>>> print(open('protein-v7.cif').read())   # mmCIF, N, CA and C atoms and all ligand atoms
data_model
loop_
_atom_site.label_atom_id
_atom_site.label_comp_id
_atom_site.auth_asym_id
_atom_site.auth_seq_id
_atom_site.Cartn_x
_atom_site.Cartn_y
_atom_site.Cartn_z
N MET L 1190 67.76 18.98 -43.95
CA MET L 1190 67.58 20.39 -44.34
C MET L 1190 68.77 20.82 -45.19
N HIS L 1191 68.54 21.12 -46.47
CA HIS L 1191 69.70 21.40 -47.30
C HIS L 1191 70.23 22.82 -47.13
N GLU L 1192 69.46 23.67 -46.45
CA GLU L 1192 69.97 25.02 -46.16
C GLU L 1192 71.21 24.94 -45.27
N MET L 1193 71.28 23.88 -44.42
CA MET L 1193 72.45 23.73 -43.56
C MET L 1193 73.70 23.49 -44.39
N SER L 1194 73.60 22.64 -45.41
CA SER L 1194 74.80 22.38 -46.22
C SER L 1194 75.15 23.61 -47.06
N ILE L 1195 74.14 24.38 -47.44
CA ILE L 1195 74.42 25.61 -48.19
C ILE L 1195 75.17 26.59 -47.27
N ALA L 1196 74.66 26.75 -46.05
CA ALA L 1196 75.32 27.65 -45.08
C ALA L 1196 76.75 27.20 -44.83
N GLU L 1197 76.94 25.89 -44.68
CA GLU L 1197 78.29 25.36 -44.44
C GLU L 1197 79.23 25.65 -45.60
N SER L 1198 78.72 25.49 -46.83
CA SER L 1198 79.62 25.74 -47.95
C SER L 1198 79.92 27.23 -48.12
N ILE L 1199 78.96 28.09 -47.78
CA ILE L 1199 79.23 29.53 -47.85
C ILE L 1199 80.32 29.90 -46.83
N VAL L 1200 80.21 29.33 -45.64
CA VAL L 1200 81.22 29.59 -44.61
C VAL L 1200 82.60 29.11 -45.06
N GLU L 1201 82.63 27.94 -45.68
CA GLU L 1201 83.92 27.42 -46.16
C GLU L 1201 84.55 28.36 -47.18
N ILE L 1202 83.73 28.84 -48.10
CA ILE L 1202 84.22 29.77 -49.13
C ILE L 1202 84.75 31.04 -48.46
N ALA L 1203 84.01 31.54 -47.48
CA ALA L 1203 84.38 32.79 -46.80
C ALA L 1203 85.66 32.62 -45.99
N GLU L 1204 85.77 31.49 -45.27
CA GLU L 1204 86.97 31.27 -44.45
C GLU L 1204 88.20 31.08 -45.32
N GLU L 1205 87.98 30.43 -46.45
CA GLU L 1205 89.06 30.23 -47.41
C GLU L 1205 89.54 31.59 -47.92
N ALA L 1206 88.60 32.48 -48.22
CA ALA L 1206 88.94 33.82 -48.71
C ALA L 1206 89.71 34.60 -47.65
N ALA L 1207 89.29 34.46 -46.39
CA ALA L 1207 89.95 35.16 -45.30
C ALA L 1207 91.39 34.67 -45.15
N ARG L 1208 91.57 33.35 -45.24
CA ARG L 1208 92.92 32.76 -45.15
C ARG L 1208 93.80 33.28 -46.27
N ARG L 1209 93.24 33.28 -47.48
CA ARG L 1209 93.98 33.70 -48.66
C ARG L 1209 94.45 35.15 -48.53
N GLU L 1210 93.60 35.98 -47.94
CA GLU L 1210 93.93 37.40 -47.83
C GLU L 1210 94.65 37.73 -46.53
N GLY L 1211 94.93 36.70 -45.72
CA GLY L 1211 95.61 36.91 -44.46
C GLY L 1211 94.79 37.75 -43.48
N ALA L 1212 93.48 37.65 -43.57
CA ALA L 1212 92.60 38.43 -42.70
C ALA L 1212 92.33 37.67 -41.41
N PHE L 1213 91.93 38.41 -40.39
CA PHE L 1213 91.63 37.80 -39.10
C PHE L 1213 90.26 37.15 -39.08
N ARG L 1214 89.34 37.86 -39.69
CA ARG L 1214 87.99 37.29 -39.64
C ARG L 1214 87.13 37.75 -40.80
N VAL L 1215 86.04 37.04 -40.95
CA VAL L 1215 85.08 37.36 -42.00
C VAL L 1215 84.05 38.31 -41.39
N ARG L 1216 83.84 39.44 -42.04
CA ARG L 1216 82.88 40.38 -41.50
C ARG L 1216 81.48 40.17 -42.10
N THR L 1217 81.40 40.20 -43.42
CA THR L 1217 80.10 40.02 -44.08
C THR L 1217 80.28 39.23 -45.38
N VAL L 1218 79.33 38.38 -45.64
CA VAL L 1218 79.31 37.66 -46.91
C VAL L 1218 78.09 38.16 -47.69
N PHE L 1219 78.33 38.57 -48.94
CA PHE L 1219 77.24 39.02 -49.79
C PHE L 1219 76.92 37.91 -50.78
N ALA L 1220 75.72 37.41 -50.69
CA ALA L 1220 75.33 36.31 -51.56
C ALA L 1220 74.13 36.70 -52.41
N GLU L 1221 74.07 36.09 -53.58
CA GLU L 1221 72.93 36.29 -54.46
C GLU L 1221 72.20 34.96 -54.58
N ILE L 1222 70.93 34.97 -54.26
CA ILE L 1222 70.15 33.74 -54.32
C ILE L 1222 68.87 34.00 -55.10
N GLY L 1223 68.70 33.24 -56.15
CA GLY L 1223 67.52 33.41 -56.99
C GLY L 1223 66.26 32.96 -56.28
N GLU L 1224 65.16 33.57 -56.65
CA GLU L 1224 63.87 33.20 -56.06
C GLU L 1224 63.49 31.77 -56.41
N LEU L 1225 64.07 31.25 -57.48
CA LEU L 1225 63.72 29.89 -57.91
C LEU L 1225 64.82 28.88 -57.57
N ALA L 1226 65.77 29.29 -56.72
CA ALA L 1226 66.89 28.40 -56.38
C ALA L 1226 66.46 27.31 -55.39
N GLY L 1227 65.26 27.41 -54.89
CA GLY L 1227 64.78 26.39 -53.96
C GLY L 1227 65.40 26.51 -52.58
N VAL L 1228 65.76 27.74 -52.20
CA VAL L 1228 66.37 27.97 -50.90
C VAL L 1228 65.40 28.77 -50.03
N GLU L 1229 65.15 28.26 -48.83
CA GLU L 1229 64.33 28.97 -47.87
C GLU L 1229 65.22 29.98 -47.16
N ILE L 1230 65.00 31.25 -47.42
CA ILE L 1230 65.88 32.27 -46.87
C ILE L 1230 65.86 32.28 -45.34
N GLU L 1231 64.67 32.15 -44.77
CA GLU L 1231 64.56 32.14 -43.31
C GLU L 1231 65.37 31.00 -42.71
N ALA L 1232 65.24 29.82 -43.34
CA ALA L 1232 65.96 28.65 -42.86
C ALA L 1232 67.47 28.85 -43.03
N LEU L 1233 67.85 29.47 -44.14
CA LEU L 1233 69.27 29.69 -44.40
C LEU L 1233 69.86 30.64 -43.35
N ARG L 1234 69.10 31.69 -43.00
CA ARG L 1234 69.58 32.64 -41.98
C ARG L 1234 69.76 31.94 -40.64
N PHE L 1235 68.80 31.06 -40.33
CA PHE L 1235 68.85 30.30 -39.09
C PHE L 1235 70.10 29.42 -39.06
N CYS L 1236 70.37 28.73 -40.17
CA CYS L 1236 71.54 27.86 -40.27
C CYS L 1236 72.83 28.69 -40.23
N TRP L 1237 72.77 29.86 -40.84
CA TRP L 1237 73.94 30.74 -40.86
C TRP L 1237 74.37 31.09 -39.43
N GLU L 1238 73.37 31.39 -38.59
CA GLU L 1238 73.65 31.69 -37.19
C GLU L 1238 74.40 30.51 -36.55
N ALA L 1239 73.93 29.33 -36.86
CA ALA L 1239 74.50 28.12 -36.27
C ALA L 1239 75.94 27.87 -36.72
N VAL L 1240 76.24 28.12 -38.00
CA VAL L 1240 77.58 27.81 -38.50
C VAL L 1240 78.58 28.94 -38.29
N THR L 1241 78.12 30.08 -37.76
CA THR L 1241 79.06 31.19 -37.55
C THR L 1241 79.22 31.50 -36.07
N ARG L 1242 79.14 30.46 -35.24
CA ARG L 1242 79.31 30.66 -33.80
C ARG L 1242 80.78 30.75 -33.41
N GLU L 1243 81.63 30.09 -34.20
CA GLU L 1243 83.05 30.09 -33.88
C GLU L 1243 83.90 30.12 -35.13
N GLY L 1244 85.20 30.21 -34.94
CA GLY L 1244 86.11 30.23 -36.09
C GLY L 1244 86.22 31.62 -36.67
N PRO L 1245 86.95 31.72 -37.81
CA PRO L 1245 87.19 33.04 -38.42
C PRO L 1245 85.90 33.73 -38.88
N ALA L 1246 84.83 32.97 -39.03
CA ALA L 1246 83.58 33.57 -39.49
C ALA L 1246 82.60 33.82 -38.35
N ALA L 1247 83.11 33.75 -37.11
CA ALA L 1247 82.23 33.96 -35.96
C ALA L 1247 81.55 35.32 -36.02
N GLY L 1248 80.25 35.30 -35.94
CA GLY L 1248 79.47 36.53 -35.92
C GLY L 1248 79.39 37.25 -37.26
N ALA L 1249 79.82 36.60 -38.32
CA ALA L 1249 79.80 37.23 -39.64
C ALA L 1249 78.36 37.44 -40.11
N GLY L 1250 78.16 38.53 -40.83
CA GLY L 1250 76.84 38.82 -41.36
C GLY L 1250 76.64 38.13 -42.70
N LEU L 1251 75.38 37.91 -43.03
CA LEU L 1251 75.05 37.33 -44.33
C LEU L 1251 74.07 38.27 -45.01
N ASP L 1252 74.53 38.86 -46.11
CA ASP L 1252 73.70 39.80 -46.84
C ASP L 1252 73.19 39.10 -48.11
N ILE L 1253 71.91 38.93 -48.17
CA ILE L 1253 71.34 38.17 -49.29
C ILE L 1253 70.60 39.08 -50.26
N THR L 1254 70.98 38.99 -51.52
CA THR L 1254 70.26 39.69 -52.58
C THR L 1254 69.46 38.64 -53.33
N ARG L 1255 68.16 38.89 -53.47
CA ARG L 1255 67.34 37.93 -54.19
C ARG L 1255 67.28 38.29 -55.66
N ILE L 1256 67.48 37.29 -56.49
CA ILE L 1256 67.40 37.50 -57.94
C ILE L 1256 65.99 37.06 -58.36
N PRO L 1257 65.25 37.95 -59.01
CA PRO L 1257 63.87 37.60 -59.36
C PRO L 1257 63.78 36.42 -60.33
N GLY L 1258 62.76 35.62 -60.16
CA GLY L 1258 62.52 34.50 -61.05
C GLY L 1258 61.94 34.97 -62.37
N GLN L 1259 62.40 34.34 -63.45
CA GLN L 1259 61.95 34.71 -64.79
C GLN L 1259 61.79 33.47 -65.63
N ALA L 1260 60.81 33.49 -66.49
CA ALA L 1260 60.63 32.37 -67.39
C ALA L 1260 60.12 32.86 -68.73
N TRP L 1261 60.34 32.03 -69.73
CA TRP L 1261 59.82 32.31 -71.07
C TRP L 1261 58.57 31.47 -71.23
N CYS L 1262 57.45 32.13 -71.49
CA CYS L 1262 56.20 31.39 -71.67
C CYS L 1262 56.02 31.11 -73.16
N LEU L 1263 55.90 29.82 -73.50
CA LEU L 1263 55.76 29.42 -74.91
C LEU L 1263 54.44 29.94 -75.48
N HIS L 1264 53.43 29.98 -74.63
CA HIS L 1264 52.11 30.40 -75.08
C HIS L 1264 52.05 31.91 -75.32
N CYS L 1265 52.56 32.68 -74.38
CA CYS L 1265 52.54 34.14 -74.52
C CYS L 1265 53.67 34.64 -75.42
N SER L 1266 54.68 33.81 -75.65
CA SER L 1266 55.90 34.23 -76.37
C SER L 1266 56.50 35.46 -75.71
N GLU L 1267 56.56 35.42 -74.40
CA GLU L 1267 57.08 36.56 -73.65
C GLU L 1267 57.80 36.08 -72.41
N THR L 1268 58.70 36.93 -71.93
CA THR L 1268 59.34 36.64 -70.65
C THR L 1268 58.41 37.14 -69.55
N ILE L 1269 58.15 36.27 -68.59
CA ILE L 1269 57.24 36.64 -67.50
C ILE L 1269 57.98 36.49 -66.16
N ALA L 1270 57.47 37.19 -65.14
CA ALA L 1270 58.05 37.07 -63.80
C ALA L 1270 57.44 35.86 -63.12
N LEU L 1271 58.28 35.11 -62.44
CA LEU L 1271 57.83 33.88 -61.81
C LEU L 1271 58.33 33.84 -60.37
N CYS L 1272 57.43 33.57 -59.42
CA CYS L 1272 57.88 33.57 -58.03
C CYS L 1272 58.11 32.17 -57.49
N SER L 1273 57.71 31.15 -58.24
CA SER L 1273 57.95 29.78 -57.82
C SER L 1273 58.13 28.91 -59.06
N SER L 1274 59.01 27.90 -58.96
CA SER L 1274 59.28 27.04 -60.11
C SER L 1274 58.04 26.23 -60.48
N PHE L 1275 57.08 26.12 -59.56
CA PHE L 1275 55.91 25.30 -59.83
C PHE L 1275 54.70 26.14 -60.22
N ALA L 1276 54.88 27.45 -60.23
CA ALA L 1276 53.75 28.33 -60.54
C ALA L 1276 53.47 28.35 -62.04
N PRO L 1277 52.19 28.51 -62.40
CA PRO L 1277 51.87 28.66 -63.82
C PRO L 1277 52.18 30.08 -64.29
N CYS L 1278 52.05 30.32 -65.58
CA CYS L 1278 52.27 31.66 -66.11
C CYS L 1278 51.22 32.60 -65.51
N PRO L 1279 51.66 33.73 -64.92
CA PRO L 1279 50.70 34.64 -64.29
C PRO L 1279 49.80 35.33 -65.33
N ARG L 1280 50.20 35.27 -66.59
CA ARG L 1280 49.46 35.96 -67.63
C ARG L 1280 48.38 35.07 -68.25
N CYS L 1281 48.77 33.85 -68.63
CA CYS L 1281 47.81 32.98 -69.34
C CYS L 1281 47.45 31.73 -68.53
N GLY L 1282 48.16 31.50 -67.42
CA GLY L 1282 47.86 30.32 -66.60
C GLY L 1282 48.46 29.04 -67.15
N GLY L 1283 49.21 29.16 -68.25
CA GLY L 1283 49.81 27.98 -68.86
C GLY L 1283 51.02 27.49 -68.08
N ASP L 1284 51.41 26.23 -68.36
CA ASP L 1284 52.56 25.70 -67.64
C ASP L 1284 53.71 25.34 -68.58
N GLN L 1285 53.65 25.85 -69.81
CA GLN L 1285 54.76 25.59 -70.73
C GLN L 1285 55.78 26.70 -70.59
N LEU L 1286 56.52 26.60 -69.51
CA LEU L 1286 57.46 27.65 -69.16
C LEU L 1286 58.88 27.14 -69.17
N ALA L 1287 59.78 27.95 -69.70
CA ALA L 1287 61.20 27.64 -69.65
C ALA L 1287 61.84 28.68 -68.73
N ILE L 1288 62.34 28.21 -67.60
CA ILE L 1288 62.92 29.14 -66.63
C ILE L 1288 64.21 29.74 -67.18
N THR L 1289 64.29 31.07 -67.15
CA THR L 1289 65.47 31.75 -67.72
C THR L 1289 66.27 32.53 -66.67
N GLY L 1290 65.75 32.67 -65.48
CA GLY L 1290 66.49 33.41 -64.45
C GLY L 1290 65.93 33.13 -63.07
N GLY L 1291 66.79 33.34 -62.06
CA GLY L 1291 66.33 33.19 -60.69
C GLY L 1291 66.69 31.86 -60.06
N THR L 1292 67.49 31.04 -60.78
CA THR L 1292 67.89 29.76 -60.17
C THR L 1292 69.33 29.83 -59.65
N GLU L 1293 69.96 30.98 -59.84
CA GLU L 1293 71.36 31.09 -59.44
C GLU L 1293 71.54 31.21 -57.93
N MET L 1294 72.71 30.81 -57.51
CA MET L 1294 73.06 30.91 -56.11
C MET L 1294 74.57 31.11 -56.07
N ARG L 1295 75.01 32.28 -55.66
CA ARG L 1295 76.45 32.48 -55.64
C ARG L 1295 76.88 33.50 -54.59
N VAL L 1296 78.14 33.39 -54.20
CA VAL L 1296 78.73 34.35 -53.28
C VAL L 1296 79.32 35.46 -54.13
N ARG L 1297 78.83 36.68 -53.95
CA ARG L 1297 79.27 37.79 -54.80
C ARG L 1297 80.50 38.47 -54.24
N GLU L 1298 80.51 38.62 -52.92
CA GLU L 1298 81.60 39.37 -52.31
C GLU L 1298 81.79 38.93 -50.87
N ILE L 1299 83.03 38.95 -50.41
CA ILE L 1299 83.31 38.59 -49.04
C ILE L 1299 84.11 39.71 -48.41
N GLU L 1300 83.59 40.24 -47.32
CA GLU L 1300 84.28 41.33 -46.64
C GLU L 1300 85.05 40.74 -45.45
N VAL L 1301 86.36 40.92 -45.46
CA VAL L 1301 87.17 40.39 -44.37
C VAL L 1301 87.90 41.53 -43.69
N GLU L 1302 88.42 41.26 -42.49
CA GLU L 1302 89.19 42.32 -41.84
C GLU L 1302 90.31 41.71 -41.01
ZN ZN L 1401 51.76 32.70 -70.60
#
>>> encode(input="protein-v7.cif", output="structure tokens")
Amino acid sequence: MHEMSIAESIVEIAEEAARREGAFRVRTVFAEIGELAGVEIEALRFCWEAVTREGPAAGAGLDITRIPGQAWCLHCSETIALCSSFAPCPRCGGDQLAITGGTEMRVREIEVE
């Protein structure tokens, strides 16, 4: 399950930030995850619970902002909204799509105390 390694790396980033700022613990991590990043949010939340049982990030919250998926359809010559990397164009049903947004995954902010 790759959500576990994602959760682990988010915790590492957060604990590192807490150390750097001389904070006692991590309160909340704000992350941005694109709809097309291939991350199961439910699974990630489950893994997050598991990796925040102890240490400076014990009990830390995970606030996830989803970035909508977007692609450029060659057939429509337009940017269309896409909810899955494997979905066809919702407008013309074509599959000549170049994904332009929604694949990002990043930690935006870390709240420590
Ligand atoms: Zn199209």
>>> atom_distance(input="protein-v7.cif", atom1="atom N of Glu1243 of chain L", atom2="atom N of Val1301 of chain L")
16.3 Å
>>> residues_near_ligand(input="protein-v7.cif", ligand="ligand ZN 1401 (chain L)", cutoff="5 Å", atoms="all atoms listed in the file", output="list of chain:residue names")
L:Cys1262, L:His1264, L:Cys1265, L:Cys1278, L:Arg1280, L:Cys1281, L:Gly1282, L:Gly1283
>>> closest_residue(input="protein-v7.cif", among="L:Arg1214, L:Glu1293, L:Ile1199, L:Gly1223", to="Gly1244 of chain L", atoms="all atoms listed in the file")
L:Arg1214
>>> atom_distance(input="protein-v7.cif", atom1="atom C of Glu1192 of chain L", atom2="atom C of Ile1256 of chain L")
18.6 Å
>>> select_by_dssp(input="protein-v7.cif", residues="chain L", states="alpha helix (DSSP H)", output="ChimeraX atom specification")
/L:1191-1209,1230-1240
>>> closest_residue(input="protein-v7.cif", among="L:Ala1247, L:Ala1287, L:Ile1222, L:Cys1236", to="Ala1196 of chain L", atoms="only C-alpha atoms")
L:Cys1236
>>> atom_distance(input="protein-v7.cif", atom1="atom N of His1191 of chain L", atom2="atom C of Cys1272 of chain L")
18.8 Å
>>> select_by_dssp(input="protein-v7.cif", residues="segment 1244-1290 of chain L", states="strand (DSSP E)", output="PyMOL selection string")
chain L and resi 1250-1256+1259-1262+1267-1270+1286-1290
>>> closest_residue(input="protein-v7.cif", among="L:Thr1268, L:Thr1254, L:Gly1291, L:Val1240", to="Gly1227 of chain L", atoms="all atoms listed in the file")
L:Gly1291
>>> residues_near_point(input="protein-v7.cif", point="(54.8, 24.5, -63.4)", cutoff="8 Å", atoms="only C-alpha atoms", output="list in words")
Ser1274, Phe1275, Ala1276, Pro1277, Asp1284, Gln1285 and Leu1286 of chain L
>>> closest_residue(input="protein-v7.cif", among="L:Leu1251, L:Ala1220, L:Glu1267, L:Ile1288", to="Phe1235 of chain L", atoms="only C-alpha atoms")
L:Leu1251
>>> closest_residue(input="protein-v7.cif", among="L:Arg1242, L:Leu1225, L:Asp1252, L:Val1218", to="Ala1270 of chain L", atoms="only C-alpha atoms")
L:Leu1225
>>> residues_around(input="protein-v7.cif", residues="Thr1289 of chain L", least_positions_apart="6", cutoff="8 Å", atoms="only N, CA and C atoms", output="short mmCIF file (atom, residue, chain, number, x, y, z; two decimals) with N, CA and C atoms, keeping the file's coordinate frame")
data_model
loop_
_atom_site.label_atom_id
_atom_site.label_comp_id
_atom_site.auth_asym_id
_atom_site.auth_seq_id
_atom_site.Cartn_x
_atom_site.Cartn_y
_atom_site.Cartn_z
N PRO L 1257 65.25 37.95 -59.01
CA PRO L 1257 63.87 37.60 -59.36
C PRO L 1257 63.78 36.42 -60.33
N GLY L 1258 62.76 35.62 -60.16
CA GLY L 1258 62.52 34.50 -61.05
C GLY L 1258 61.94 34.97 -62.37
N GLN L 1259 62.40 34.34 -63.45
CA GLN L 1259 61.95 34.71 -64.79
C GLN L 1259 61.79 33.47 -65.63
N ALA L 1260 60.81 33.49 -66.49
CA ALA L 1260 60.63 32.37 -67.39
C ALA L 1260 60.12 32.86 -68.73
N TRP L 1261 60.34 32.03 -69.73
CA TRP L 1261 59.82 32.31 -71.07
C TRP L 1261 58.57 31.47 -71.23
#
>>> residues_near_point(input="protein-v7.cif", point="(79.7, 38.7, -38.3)", cutoff="5 Å", atoms="only N, CA and C atoms", output="CSV table (one decimal) with N, CA and C atoms, keeping the file's coordinate frame")
chain,number,residue,atom,x,y,z
L,1216,ARG,N,83.8,39.4,-42.0
L,1216,ARG,CA,82.9,40.4,-41.5
L,1216,ARG,C,81.5,40.2,-42.1
L,1247,ALA,N,83.1,33.8,-37.1
L,1247,ALA,CA,82.2,34.0,-36.0
L,1247,ALA,C,81.6,35.3,-36.0
L,1248,GLY,N,80.2,35.3,-35.9
L,1248,GLY,CA,79.5,36.5,-35.9
L,1248,GLY,C,79.4,37.2,-37.3
L,1249,ALA,N,79.8,36.6,-38.3
L,1249,ALA,CA,79.8,37.2,-39.6
L,1249,ALA,C,78.4,37.4,-40.1
L,1250,GLY,N,78.2,38.5,-40.8
L,1250,GLY,CA,76.8,38.8,-41.4
L,1250,GLY,C,76.6,38.1,-42.7
>>> closest_residue(input="protein-v7.cif", among="L:Met1294, L:Pro1279, L:Ala1246, L:Ile1299", to="Ala1226 of chain L", atoms="only C-alpha atoms")
L:Met1294
>>> axis_aligned_box(input="protein-v7.cif", around="segment 1226-1230 of chain L", padding_each_side="5 Å", output="AutoDock Vina command-line options")
--center_x 65.6 --center_y 29.3 --center_z -51.0 --size_x 12.6 --size_y 15.9 --size_z 21.4
>>> residues_around(input="protein-v7.cif", residues="Met1193 of chain L", least_positions_apart="6", cutoff="7 Å", atoms="all atoms listed in the file", output="list in words")
Ala1232, Leu1233, Cys1236 and Trp1237 of chain L
>>> residues_around(input="protein-v7.cif", residues="segment 1200-1213 of chain L", least_positions_apart="2", cutoff="6 Å", atoms="all atoms listed in the file", output="ChimeraX atom specification")
/L:1195-1198,1215,1245,1301-1302
>>> decode(input="protein-v7.cif", residues="segment 1212-1227 of chain L", atoms="C-alpha atoms", output="PDB file, in the first residue's frame")
ATOM      1  CA  ALA L1212       8.607  23.033  18.701  1.00  0.00           C
ATOM      2  CA  PHE L1213       7.320  20.336  21.027  1.00  0.00           C
ATOM      3  CA  ARG L1214       4.916  18.755  18.673  1.00  0.00           C
ATOM      4  CA  VAL L1215       3.199  18.821  15.342  1.00  0.00           C
ATOM      5  CA  ARG L1216      -0.382  19.980  15.576  1.00  0.00           C
ATOM      6  CA  THR L1217      -1.681  19.893  11.995  1.00  0.00           C
ATOM      7  CA  VAL L1218      -0.230  19.206   8.590  1.00  0.00           C
ATOM      8  CA  PHE L1219      -1.902  20.863   5.613  1.00  0.00           C
ATOM      9  CA  ALA L1220      -1.377  18.918   2.437  1.00  0.00           C
ATOM     10  CA  GLU L1221      -2.511  19.398  -1.129  1.00  0.00           C
ATOM     11  CA  ILE L1222      -3.228  16.264  -3.094  1.00  0.00           C
ATOM     12  CA  GLY L1223      -4.413  16.301  -6.665  1.00  0.00           C
ATOM     13  CA  GLU L1224      -7.366  14.194  -7.722  1.00  0.00           C
ATOM     14  CA  LEU L1225      -5.103  12.546 -10.290  1.00  0.00           C
ATOM     15  CA  ALA L1226      -2.167  11.917  -7.931  1.00  0.00           C
ATOM     16  CA  GLY L1227      -3.244   8.305  -7.540  1.00  0.00           C
TER      17      GLY L1227
END
